[in-house]
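With JSON, C-alpha atoms inside, this is target.json:
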[["chain", "number", "residue", "atom", "x", "y", "z"],
["A", 222, "MET", "CA", -5.15, 0.55, 12.92],
["A", 223, "PRO", "CA", -4.10, -2.57, 14.88],
["A", 224, "GLU", "CA", -0.92, -2.36, 16.90],
["A", 225, "ASN", "CA", 2.37, -3.56, 15.42],
["A", 226, "THR", "CA", 1.22, -2.70, 11.91],
["A", 227, "ALA", "CA", 3.61, -0.80, 9.67],
["A", 228, "VAL", "CA", 2.66, 2.81, 8.99],
["A", 229, "PRO", "CA", 0.70, 2.87, 5.72],
["A", 230, "VAL", "CA", 2.17, 4.98, 2.92],
["A", 231, "VAL", "CA", -0.46, 6.80, 0.89],
["A", 232, "ASP", "CA", 0.18, 8.32, -2.53],
["A", 233, "PHE", "CA", -2.62, 10.66, -3.56],
["A", 234, "TRP", "CA", -2.99, 11.87, -7.17],
["A", 235, "PHE", "CA", -5.26, 14.85, -7.81],
["A", 236, "ASP", "CA", -6.23, 17.42, -10.40],
["A", 237, "PRO", "CA", -7.12, 20.71, -8.67],
["A", 238, "ALA", "CA", -9.96, 21.19, -11.17],
["A", 239, "CYS", "CA", -11.83, 18.13, -9.88],
["A", 240, "PRO", "CA", -14.37, 18.71, -7.09],
["A", 241, "TRP", "CA", -14.47, 15.02, -6.20],
["A", 242, "ALA", "CA", -10.70, 14.89, -5.73],
["A", 243, "TRP", "CA", -11.07, 17.93, -3.48],
["A", 244, "MET", "CA", -13.66, 16.14, -1.34],
["A", 245, "THR", "CA", -11.43, 13.08, -1.04],
["A", 246, "SER", "CA", -8.42, 15.21, -0.13],
["A", 247, "ARG", "CA", -10.37, 16.76, 2.75],
["A", 248, "TRP", "CA", -11.13, 13.26, 3.99],
["A", 249, "MET", "CA", -7.46, 12.30, 3.66],
["A", 250, "ASP", "CA", -6.47, 15.28, 5.79],
["A", 251, "GLU", "CA", -8.91, 14.17, 8.48],
["A", 252, "ALA", "CA", -7.75, 10.56, 8.34],
["A", 253, "ALA", "CA", -4.11, 11.63, 8.66],
["A", 254, "GLN", "CA", -4.99, 13.45, 11.89],
["A", 255, "GLN", "CA", -6.62, 10.32, 13.31],
["A", 256, "ARG", "CA", -4.21, 7.64, 12.12],
["A", 257, "ASP", "CA", -0.45, 7.27, 11.81],
["A", 258, "VAL", "CA", 0.02, 7.55, 8.06],
["A", 259, "GLU", "CA", 2.59, 8.92, 5.61],
["A", 260, "VAL", "CA", 0.99, 10.85, 2.74],
["A", 261, "HIS", "CA", 2.60, 11.99, -0.49],
["A", 262, "TRP", "CA", 0.70, 14.28, -2.87],
["A", 263, "HIS", "CA", 1.02, 14.09, -6.66],
["A", 264, "VAL", "CA", -0.50, 15.72, -9.72],
["A", 265, "MET", "CA", -2.51, 13.92, -12.36],
["A", 266, "SER", "CA", -4.31, 15.67, -15.19],
["A", 267, "LEU", "CA", -7.86, 15.30, -16.44],
["A", 268, "ALA", "CA", -6.76, 17.14, -19.58],
["A", 269, "VAL", "CA", -4.09, 14.51, -20.27],
["A", 270, "LEU", "CA", -6.46, 11.68, -19.38],
["A", 271, "ASN", "CA", -9.07, 12.88, -21.87],
["A", 272, "GLU", "CA", -6.78, 13.88, -24.75],
["A", 273, "GLY", "CA", -8.19, 12.91, -28.12],
["A", 274, "ARG", "CA", -11.66, 12.05, -26.85],
["A", 275, "GLU", "CA", -14.41, 13.36, -29.12],
["A", 276, "ASP", "CA", -17.38, 12.21, -27.02],
["A", 277, "LEU", "CA", -17.04, 14.76, -24.21],
["A", 278, "PRO", "CA", -19.82, 17.26, -23.41],
["A", 279, "GLU", "CA", -18.95, 20.80, -24.44],
["A", 280, "ARG", "CA", -19.05, 22.06, -20.85],
["A", 281, "TYR", "CA", -16.54, 19.42, -19.75],
["A", 282, "ARG", "CA", -14.36, 20.14, -22.77],
["A", 283, "GLU", "CA", -14.21, 23.80, -21.69],
["A", 284, "LEU", "CA", -13.21, 22.73, -18.17],
["A", 285, "LEU", "CA", -10.35, 20.66, -19.55],
["A", 286, "THR", "CA", -9.11, 23.59, -21.62],
["A", 287, "THR", "CA", -8.69, 25.70, -18.48],
["A", 288, "ALA", "CA", -7.39, 22.81, -16.37],
["A", 289, "TRP", "CA", -3.88, 22.78, -17.85],
["A", 290, "ALA", "CA", -2.58, 25.88, -16.10],
["A", 291, "ALA", "CA", -3.01, 24.84, -12.46],
["A", 292, "VAL", "CA", -1.46, 21.39, -12.84],
["A", 293, "ARG", "CA", 1.47, 22.85, -14.77],
["A", 294, "VAL", "CA", 2.08, 25.45, -12.06],
["A", 295, "ILE", "CA", 2.04, 22.82, -9.30],
["A", 296, "ILE", "CA", 4.48, 20.65, -11.25],
["A", 297, "ALA", "CA", 6.77, 23.64, -11.81],
["A", 298, "ALA", "CA", 6.60, 24.53, -8.12],
["A", 299, "GLU", "CA", 7.51, 20.97, -7.17],
["A", 300, "ARG", "CA", 10.37, 20.96, -9.65],
["A", 301, "ASP", "CA", 11.82, 24.18, -8.26],
["A", 302, "HIS", "CA", 10.94, 23.92, -4.56],
["A", 303, "GLY", "CA", 10.36, 20.26, -3.77],
["A", 304, "GLU", "CA", 7.47, 18.00, -2.83],
["A", 305, "LYS", "CA", 6.76, 19.96, 0.35],
["A", 306, "VAL", "CA", 5.03, 22.75, -1.61],
["A", 307, "VAL", "CA", 2.60, 20.50, -3.50],
["A", 308, "LYS", "CA", -0.05, 20.10, -0.81],
["A", 309, "PRO", "CA", -0.07, 23.73, 0.44],
["A", 310, "LEU", "CA", -0.38, 24.95, -3.13],
["A", 311, "TYR", "CA", -3.16, 22.47, -3.85],
["A", 312, "ASP", "CA", -4.99, 23.64, -0.71],
["A", 313, "ALA", "CA", -4.67, 27.29, -1.72],
["A", 314, "LEU", "CA", -5.91, 26.60, -5.25],
["A", 315, "GLY", "CA", -8.66, 24.20, -4.28],
["A", 316, "THR", "CA", -10.11, 26.37, -1.54],
["A", 317, "ARG", "CA", -10.68, 29.13, -4.08],
["A", 318, "ILE", "CA", -11.90, 26.87, -6.89],
["A", 319, "HIS", "CA", -14.28, 24.59, -4.98],
["A", 320, "PRO", "CA", -15.84, 26.04, -1.82],
["A", 321, "GLY", "CA", -14.92, 29.50, -3.14],
["A", 322, "GLY", "CA", -16.57, 28.88, -6.51],
["A", 323, "ARG", "CA", -13.91, 30.87, -8.38],
["A", 324, "LYS", "CA", -13.61, 30.52, -12.16],
["A", 325, "ASP", "CA", -10.93, 33.18, -12.79],
["A", 326, "ILE", "CA", -8.08, 30.67, -12.86],
["A", 327, "PRO", "CA", -5.22, 33.10, -13.61],
["A", 328, "ALA", "CA", -6.18, 35.20, -10.58],
["A", 329, "VAL", "CA", -6.63, 32.08, -8.46],
["A", 330, "ILE", "CA", -3.15, 30.86, -9.39],
["A", 331, "ALA", "CA", -1.58, 34.25, -8.63],
["A", 332, "GLU", "CA", -3.29, 34.45, -5.24],
["A", 333, "ALA", "CA", -2.41, 30.85, -4.36],
["A", 334, "LEU", "CA", 1.26, 31.34, -5.19],
["A", 335, "GLU", "CA", 1.35, 34.45, -3.02],
["A", 336, "GLU", "CA", -0.40, 32.67, -0.14],
["A", 337, "VAL", "CA", 2.12, 29.82, -0.17],
["A", 338, "GLY", "CA", 5.08, 32.18, -0.56],
["A", 339, "LEU", "CA", 6.12, 30.98, -4.00],
["A", 340, "PRO", "CA", 7.46, 33.18, -6.82],
["A", 341, "ALA", "CA", 4.78, 34.85, -8.91],
["A", 342, "GLU", "CA", 6.79, 33.99, -12.03],
["A", 343, "LEU", "CA", 5.67, 30.36, -11.72],
["A", 344, "ALA", "CA", 2.26, 31.40, -13.04],
["A", 345, "LYS", "CA", 3.79, 31.93, -16.49],
["A", 346, "VAL", "CA", 4.47, 28.20, -16.78],
["A", 347, "GLY", "CA", 0.73, 27.56, -16.91],
["A", 348, "ASP", "CA", 0.55, 28.87, -20.47],
["A", 349, "THR", "CA", 3.49, 26.85, -21.79],
["A", 350, "ASP", "CA", 4.48, 23.22, -22.28],
["A", 351, "GLU", "CA", 7.69, 23.72, -20.28],
["A", 352, "VAL", "CA", 6.84, 21.11, -17.65],
["A", 353, "ASP", "CA", 4.52, 18.90, -19.66],
["A", 354, "GLU", "CA", 7.00, 16.02, -19.73],
["A", 355, "LEU", "CA", 7.13, 16.06, -15.92],
["A", 356, "LEU", "CA", 3.36, 16.45, -15.72],
["A", 357, "ARG", "CA", 2.75, 13.49, -18.00],
["A", 358, "ALA", "CA", 5.22, 11.38, -16.02],
["A", 359, "SER", "CA", 3.45, 12.17, -12.73],
["A", 360, "HIS", "CA", 0.08, 11.44, -14.33],
["A", 361, "ALA", "CA", 1.36, 8.17, -15.79],
["A", 362, "ARG", "CA", 2.59, 6.94, -12.41],
["A", 363, "GLY", "CA", -0.85, 7.39, -10.91],
["A", 364, "ILE", "CA", -2.99, 6.17, -13.79],
["A", 365, "GLY", "CA", -0.63, 3.24, -14.29],
["A", 366, "LEU", "CA", -1.86, 1.85, -10.97],
["A", 367, "VAL", "CA", -5.54, 1.89, -11.89],
["A", 368, "GLY", "CA", -6.01, 1.92, -15.68],
["A", 369, "GLU", "CA", -7.32, 4.47, -18.15],
["A", 370, "ASP", "CA", -11.06, 4.03, -17.49],
["A", 371, "VAL", "CA", -11.14, 6.06, -14.26],
["A", 372, "GLY", "CA", -10.54, 9.65, -13.21],
["A", 373, "THR", "CA", -9.25, 11.55, -10.23],
["A", 374, "PRO", "CA", -8.49, 11.04, -7.41],
["A", 375, "VAL", "CA", -6.23, 8.02, -7.45],
["A", 376, "VAL", "CA", -5.28, 6.86, -3.98],
["A", 377, "ALA", "CA", -2.60, 4.20, -3.50],
["A", 378, "ILE", "CA", -1.97, 2.54, -0.16],
["A", 379, "ASP", "CA", 1.42, 0.84, 0.07],
["A", 380, "GLY", "CA", 1.56, 0.80, -3.72],
["A", 381, "VAL", "CA", -1.93, -0.63, -4.34],
["A", 382, "GLY", "CA", -3.98, 2.00, -6.16],
["A", 383, "TYR", "CA", -7.68, 2.66, -6.64],
["A", 384, "PHE", "CA", -9.85, 5.38, -8.09],
["A", 385, "GLY", "CA", -11.53, 7.11, -5.16],
["A", 386, "PRO", "CA", -12.92, 6.93, -2.59],
["A", 387, "VAL", "CA", -15.64, 9.26, -3.86],
["A", 388, "VAL", "CA", -17.38, 10.78, -0.84],
["A", 389, "THR", "CA", -19.68, 13.66, 0.00],
["A", 390, "PRO", "CA", -19.57, 15.26, 2.42],
["A", 391, "ALA", "CA", -16.02, 14.40, 3.46],
["A", 392, "PRO", "CA", -16.08, 12.22, 6.60],
["A", 393, "THR", "CA", -14.54, 13.79, 9.68],
["A", 394, "GLY", "CA", -13.10, 12.58, 12.97],
["A", 395, "GLU", "CA", -13.44, 8.89, 13.72],
["A", 396, "ASP", "CA", -15.63, 8.36, 10.65],
["A", 397, "ALA", "CA", -12.70, 9.48, 8.49],
["A", 398, "ALA", "CA", -10.40, 7.12, 10.36],
["A", 399, "LEU", "CA", -12.74, 4.14, 9.99],
["A", 400, "LEU", "CA", -13.03, 4.71, 6.24],
["A", 401, "PHE", "CA", -9.25, 4.80, 6.01],
["A", 402, "ASP", "CA", -8.95, 1.58, 8.01],
["A", 403, "GLY", "CA", -11.33, -0.09, 5.59],
["A", 404, "LEU", "CA", -9.34, 1.03, 2.58],
["A", 405, "VAL", "CA", -6.11, -0.22, 4.12],
["A", 406, "ALA", "CA", -7.75, -3.61, 4.66],
["A", 407, "MET", "CA", -9.12, -3.60, 1.10],
["A", 408, "ALA", "CA", -5.72, -2.79, -0.38],
["A", 409, "ARG", "CA", -4.23, -5.80, 1.39],
["A", 410, "VAL", "CA", -6.61, -8.25, -0.31],
["A", 411, "PRO", "CA", -5.00, -9.60, -3.50],
["A", 412, "GLY", "CA", -7.35, -9.45, -6.46],
["A", 413, "PHE", "CA", -9.80, -6.95, -4.97],
["A", 414, "TYR", "CA", -10.79, -4.53, -7.74],
["A", 415, "GLU", "CA", -14.01, -2.62, -7.38],
["A", 416, "LEU", "CA", -16.92, -1.35, -5.28],
["A", 417, "LYS", "CA", -19.34, 1.17, -6.76],
["A", 418, "ARG", "CA", -22.82, 2.62, -6.57],
["A", 419, "THR", "CA", -24.54, 5.43, -8.44],
["A", 420, "ARG", "CA", -23.96, 8.92, -7.00],
["A", 421, "THR", "CA", -27.13, 10.68, -5.90],
["A", 422, "ALA", "CA", -25.57, 13.86, -4.50],
["A", 423, "GLY", "CA", -23.03, 16.40, -5.69],
["A", 424, "PRO", "CA", -19.95, 17.60, -3.79],
["A", 425, "GLN", "CA", -20.93, 19.18, -0.48],
["A", 426, "PHE", "CA", -18.07, 21.51, 0.33]]
Can you dump the structure from the file as structure tokens?
Amino acid sequence: MPENTAVPVVDFWFDPACPWAWMTSRWMDEAAQQRDVEVHWHVMSLAVLNEGREDLPERYRELLTTAWAAVRVIIAAERDHGEKVVKPLYDALGTRIHPGGRKDIPAVIAEALEEVGLPAELAKVGDTDEVDELLRASHARGIGLVGEDVGTPVVAIDGVGYFGPVVTPAPTGEDAALLFDGLVAMARVPGFYELKRTRTAGPQF
């Protein structure tokens, strides 16, 4: 970034079930090592986003059914232990779900909680609606920046939010930094809305 520029504040909304959010989060980690940036991590929910939709493929519908537990557990952990636990818990969950290829979500949650040093009892929240009001509020803050016709991740730079970037594989080193610089510049252009092209590759973990 140019000198004498205020440190960008990034708000990153993710659902741990989403492989594309996982890819983008790996890029964000790299960018934060290369640039002076303040990052805050938040939960959004693909299950909430797609509530009431009847046109979803059966496979995706099954994914959404199992997606509630992890986001609820992260929200409960944040409620009880503060924002500082959100990213480590996301990392522990996502590493197992995405590069690890794990589908046994209850076991993944239990292992992730243990890895981060959080109480095992938090896993029970995943099967209840105890924190759903907080979950929906977190989701609404992110989706409110970009509209309902997108997914996860949502990345906001100094309060200007976009869906994406969608990248594979996740850029590293200076490439990660240059992508971040471009997004900062984009976010500072009033009225800039969209860049897109068709994906031709899946997530490369």
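Remark: for A:Asp370, the closest of the candidate residues A:Gln425, A:Ala397, A:Tyr383, A:Glu283 is A:Tyr383 (distances computed over all atoms listed in the file).
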Q: With a distance cut-off of 10 Å and only C-alpha atoms, select the neighbouring residues of A:Val371, excluding the residue or stretch itself and same-chain residues fewer than 2 positions from it, and output the selection as a count of residues only.
A: 11
(Q) At a cut-off of 10 Å, using all atoms listed in the file, what residues contact stretch 307-310 of chain A? Leave out same-chain residues fewer than 3 positions from it and give the result as number ranges by chain. (A) A: 237, 246, 260-264, 291, 294-300, 302-304, 313-316, 330, 333-339
Please identify every residue of stretch 241-315 of chain A that has at least one atom no farther than 12 Å from an atom of stretch 402-422 of chain A, counting only C-alpha atoms, and for each give the shortest atom pair and the distance in Å to one decimal, arranged by chain then increasing number, as CSV.
residue,atom,partner,partner_atom,distance
A:Trp241,CA,A:Ala422,CA,11.3
A:Met249,CA,A:Leu404,CA,11.5
A:Ala252,CA,A:Asp402,CA,9.1
A:Ala253,CA,A:Asp402,CA,11.2
A:Gln255,CA,A:Asp402,CA,10.5
A:Arg256,CA,A:Asp402,CA,8.7
A:Asp257,CA,A:Asp402,CA,10.9
A:Val258,CA,A:Val405,CA,10.7
So that I have them on file, write out the residues from the current selection with C-alpha atoms, as a short mmCIF file (atom, residue, chain, number, x, y, z; two decimals), in the frame of the given file.
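Just written: again.cif:
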data_model
loop_
_atom_site.label_atom_id
_atom_site.label_comp_id
_atom_site.auth_asym_id
_atom_site.auth_seq_id
_atom_site.Cartn_x
_atom_site.Cartn_y
_atom_site.Cartn_z
CA TRP A 241 -14.47 15.02 -6.20
CA MET A 249 -7.46 12.30 3.66
CA ALA A 252 -7.75 10.56 8.34
CA ALA A 253 -4.11 11.63 8.66
CA GLN A 255 -6.62 10.32 13.31
CA ARG A 256 -4.21 7.64 12.12
CA ASP A 257 -0.45 7.27 11.81
CA VAL A 258 0.02 7.55 8.06
#
Q. Separation of atom CA of A:Pro320 and atom CA of A:Phe426, in Å?
A. 5.5 Å
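Here atom CA of A:Gly380 and atom CA of A:Met265 stand 16.2 Å from one another.
Atom pair atom CA of A:Arg317 / atom CA of A:Pro392 has a distance of 20.7 Å (rounded to one decimal).
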N, CA, C and O atoms for stretch 253-275 of chain A, written as an mmCIF file, in the coordinates of the input, could you do that?
data_model
loop_
_atom_site.group_PDB
_atom_site.id
_atom_site.type_symbol
_atom_site.label_atom_id
_atom_site.label_comp_id
_atom_site.auth_asym_id
_atom_site.auth_seq_id
_atom_site.Cartn_x
_atom_site.Cartn_y
_atom_site.Cartn_z
ATOM 1 N N ALA A 253 -5.516 11.502 8.256
ATOM 2 C CA ALA A 253 -4.110 11.630 8.660
ATOM 3 C C ALA A 253 -3.975 12.234 10.056
ATOM 4 O O ALA A 253 -2.935 12.067 10.713
ATOM 5 N N GLN A 254 -5.006 12.932 10.517
ATOM 6 C CA GLN A 254 -4.990 13.450 11.890
ATOM 7 C C GLN A 254 -5.381 12.371 12.890
ATOM 8 O O GLN A 254 -5.027 12.456 14.066
ATOM 9 N N GLN A 255 -6.110 11.372 12.423
ATOM 10 C CA GLN A 255 -6.620 10.320 13.310
ATOM 11 C C GLN A 255 -5.745 9.061 13.312
ATOM 12 O O GLN A 255 -5.811 8.283 14.256
ATOM 13 N N ARG A 256 -4.999 8.867 12.262
ATOM 14 C CA ARG A 256 -4.210 7.640 12.120
ATOM 15 C C ARG A 256 -2.760 8.007 11.784
ATOM 16 O O ARG A 256 -2.485 9.045 11.180
ATOM 17 N N ASP A 257 -1.861 7.110 12.151
ATOM 18 C CA ASP A 257 -0.450 7.270 11.810
ATOM 19 C C ASP A 257 -0.276 6.854 10.356
ATOM 20 O O ASP A 257 -0.415 5.675 10.019
ATOM 21 N N VAL A 258 -0.030 7.823 9.492
ATOM 22 C CA VAL A 258 0.020 7.550 8.060
ATOM 23 C C VAL A 258 0.984 8.535 7.405
ATOM 24 O O VAL A 258 1.112 9.681 7.837
ATOM 25 N N GLU A 259 1.674 8.087 6.380
ATOM 26 C CA GLU A 259 2.590 8.920 5.610
ATOM 27 C C GLU A 259 1.947 9.204 4.253
ATOM 28 O O GLU A 259 1.645 8.273 3.507
ATOM 29 N N VAL A 260 1.713 10.489 3.961
ATOM 30 C CA VAL A 260 0.990 10.850 2.740
ATOM 31 C C VAL A 260 1.894 11.643 1.807
ATOM 32 O O VAL A 260 2.562 12.599 2.240
ATOM 33 N N HIS A 261 1.884 11.259 0.544
ATOM 34 C CA HIS A 261 2.600 11.990 -0.490
ATOM 35 C C HIS A 261 1.571 12.427 -1.547
ATOM 36 O O HIS A 261 0.723 11.637 -1.968
ATOM 37 N N TRP A 262 1.688 13.680 -1.974
ATOM 38 C CA TRP A 262 0.700 14.280 -2.870
ATOM 39 C C TRP A 262 1.310 14.460 -4.259
ATOM 40 O O TRP A 262 2.440 14.942 -4.399
ATOM 41 N N HIS A 263 0.535 14.074 -5.285
ATOM 42 C CA HIS A 263 1.020 14.090 -6.660
ATOM 43 C C HIS A 263 -0.043 14.658 -7.600
ATOM 44 O O HIS A 263 -1.247 14.550 -7.323
ATOM 45 N N VAL A 264 0.405 15.171 -8.718
ATOM 46 C CA VAL A 264 -0.500 15.720 -9.720
ATOM 47 C C VAL A 264 -0.816 14.664 -10.782
ATOM 48 O O VAL A 264 0.075 13.947 -11.256
ATOM 49 N N MET A 265 -2.103 14.565 -11.127
ATOM 50 C CA MET A 265 -2.510 13.920 -12.360
ATOM 51 C C MET A 265 -3.305 14.953 -13.141
ATOM 52 O O MET A 265 -3.576 16.045 -12.633
ATOM 53 N N SER A 266 -3.687 14.652 -14.351
ATOM 54 C CA SER A 266 -4.310 15.670 -15.190
ATOM 55 C C SER A 266 -5.505 15.103 -15.941
ATOM 56 O O SER A 266 -5.369 14.176 -16.744
ATOM 57 N N LEU A 267 -6.673 15.680 -15.678
ATOM 58 C CA LEU A 267 -7.860 15.300 -16.440
ATOM 59 C C LEU A 267 -7.711 15.659 -17.918
ATOM 60 O O LEU A 267 -8.242 14.974 -18.790
ATOM 61 N N ALA A 268 -6.980 16.745 -18.195
ATOM 62 C CA ALA A 268 -6.760 17.140 -19.580
ATOM 63 C C ALA A 268 -5.929 16.087 -20.316
ATOM 64 O O ALA A 268 -6.217 15.732 -21.461
ATOM 65 N N VAL A 269 -4.898 15.579 -19.666
ATOM 66 C CA VAL A 269 -4.090 14.510 -20.270
ATOM 67 C C VAL A 269 -4.928 13.250 -20.411
ATOM 68 O O VAL A 269 -4.908 12.584 -21.456
ATOM 69 N N LEU A 270 -5.668 12.909 -19.374
ATOM 70 C CA LEU A 270 -6.460 11.680 -19.380
ATOM 71 C C LEU A 270 -7.458 11.655 -20.530
ATOM 72 O O LEU A 270 -7.727 10.601 -21.113
ATOM 73 N N ASN A 271 -8.013 12.820 -20.868
ATOM 74 C CA ASN A 271 -9.070 12.880 -21.870
ATOM 75 C C ASN A 271 -8.603 13.376 -23.240
ATOM 76 O O ASN A 271 -9.436 13.684 -24.108
ATOM 77 N N GLU A 272 -7.300 13.452 -23.445
ATOM 78 C CA GLU A 272 -6.780 13.880 -24.750
ATOM 79 C C GLU A 272 -7.297 12.992 -25.869
ATOM 80 O O GLU A 272 -7.314 11.770 -25.755
ATOM 81 N N GLY A 273 -7.758 13.644 -26.938
ATOM 82 C CA GLY A 273 -8.190 12.910 -28.120
ATOM 83 C C GLY A 273 -9.597 12.374 -28.073
ATOM 84 O O GLY A 273 -10.083 11.819 -29.065
ATOM 85 N N ARG A 274 -10.289 12.545 -26.942
ATOM 86 C CA ARG A 274 -11.660 12.050 -26.850
ATOM 87 C C ARG A 274 -12.620 13.034 -27.522
ATOM 88 O O ARG A 274 -12.583 14.233 -27.255
ATOM 89 N N GLU A 275 -13.470 12.521 -28.374
ATOM 90 C CA GLU A 275 -14.410 13.360 -29.120
ATOM 91 C C GLU A 275 -15.819 13.311 -28.522
ATOM 92 O O GLU A 275 -16.701 14.046 -28.971
#
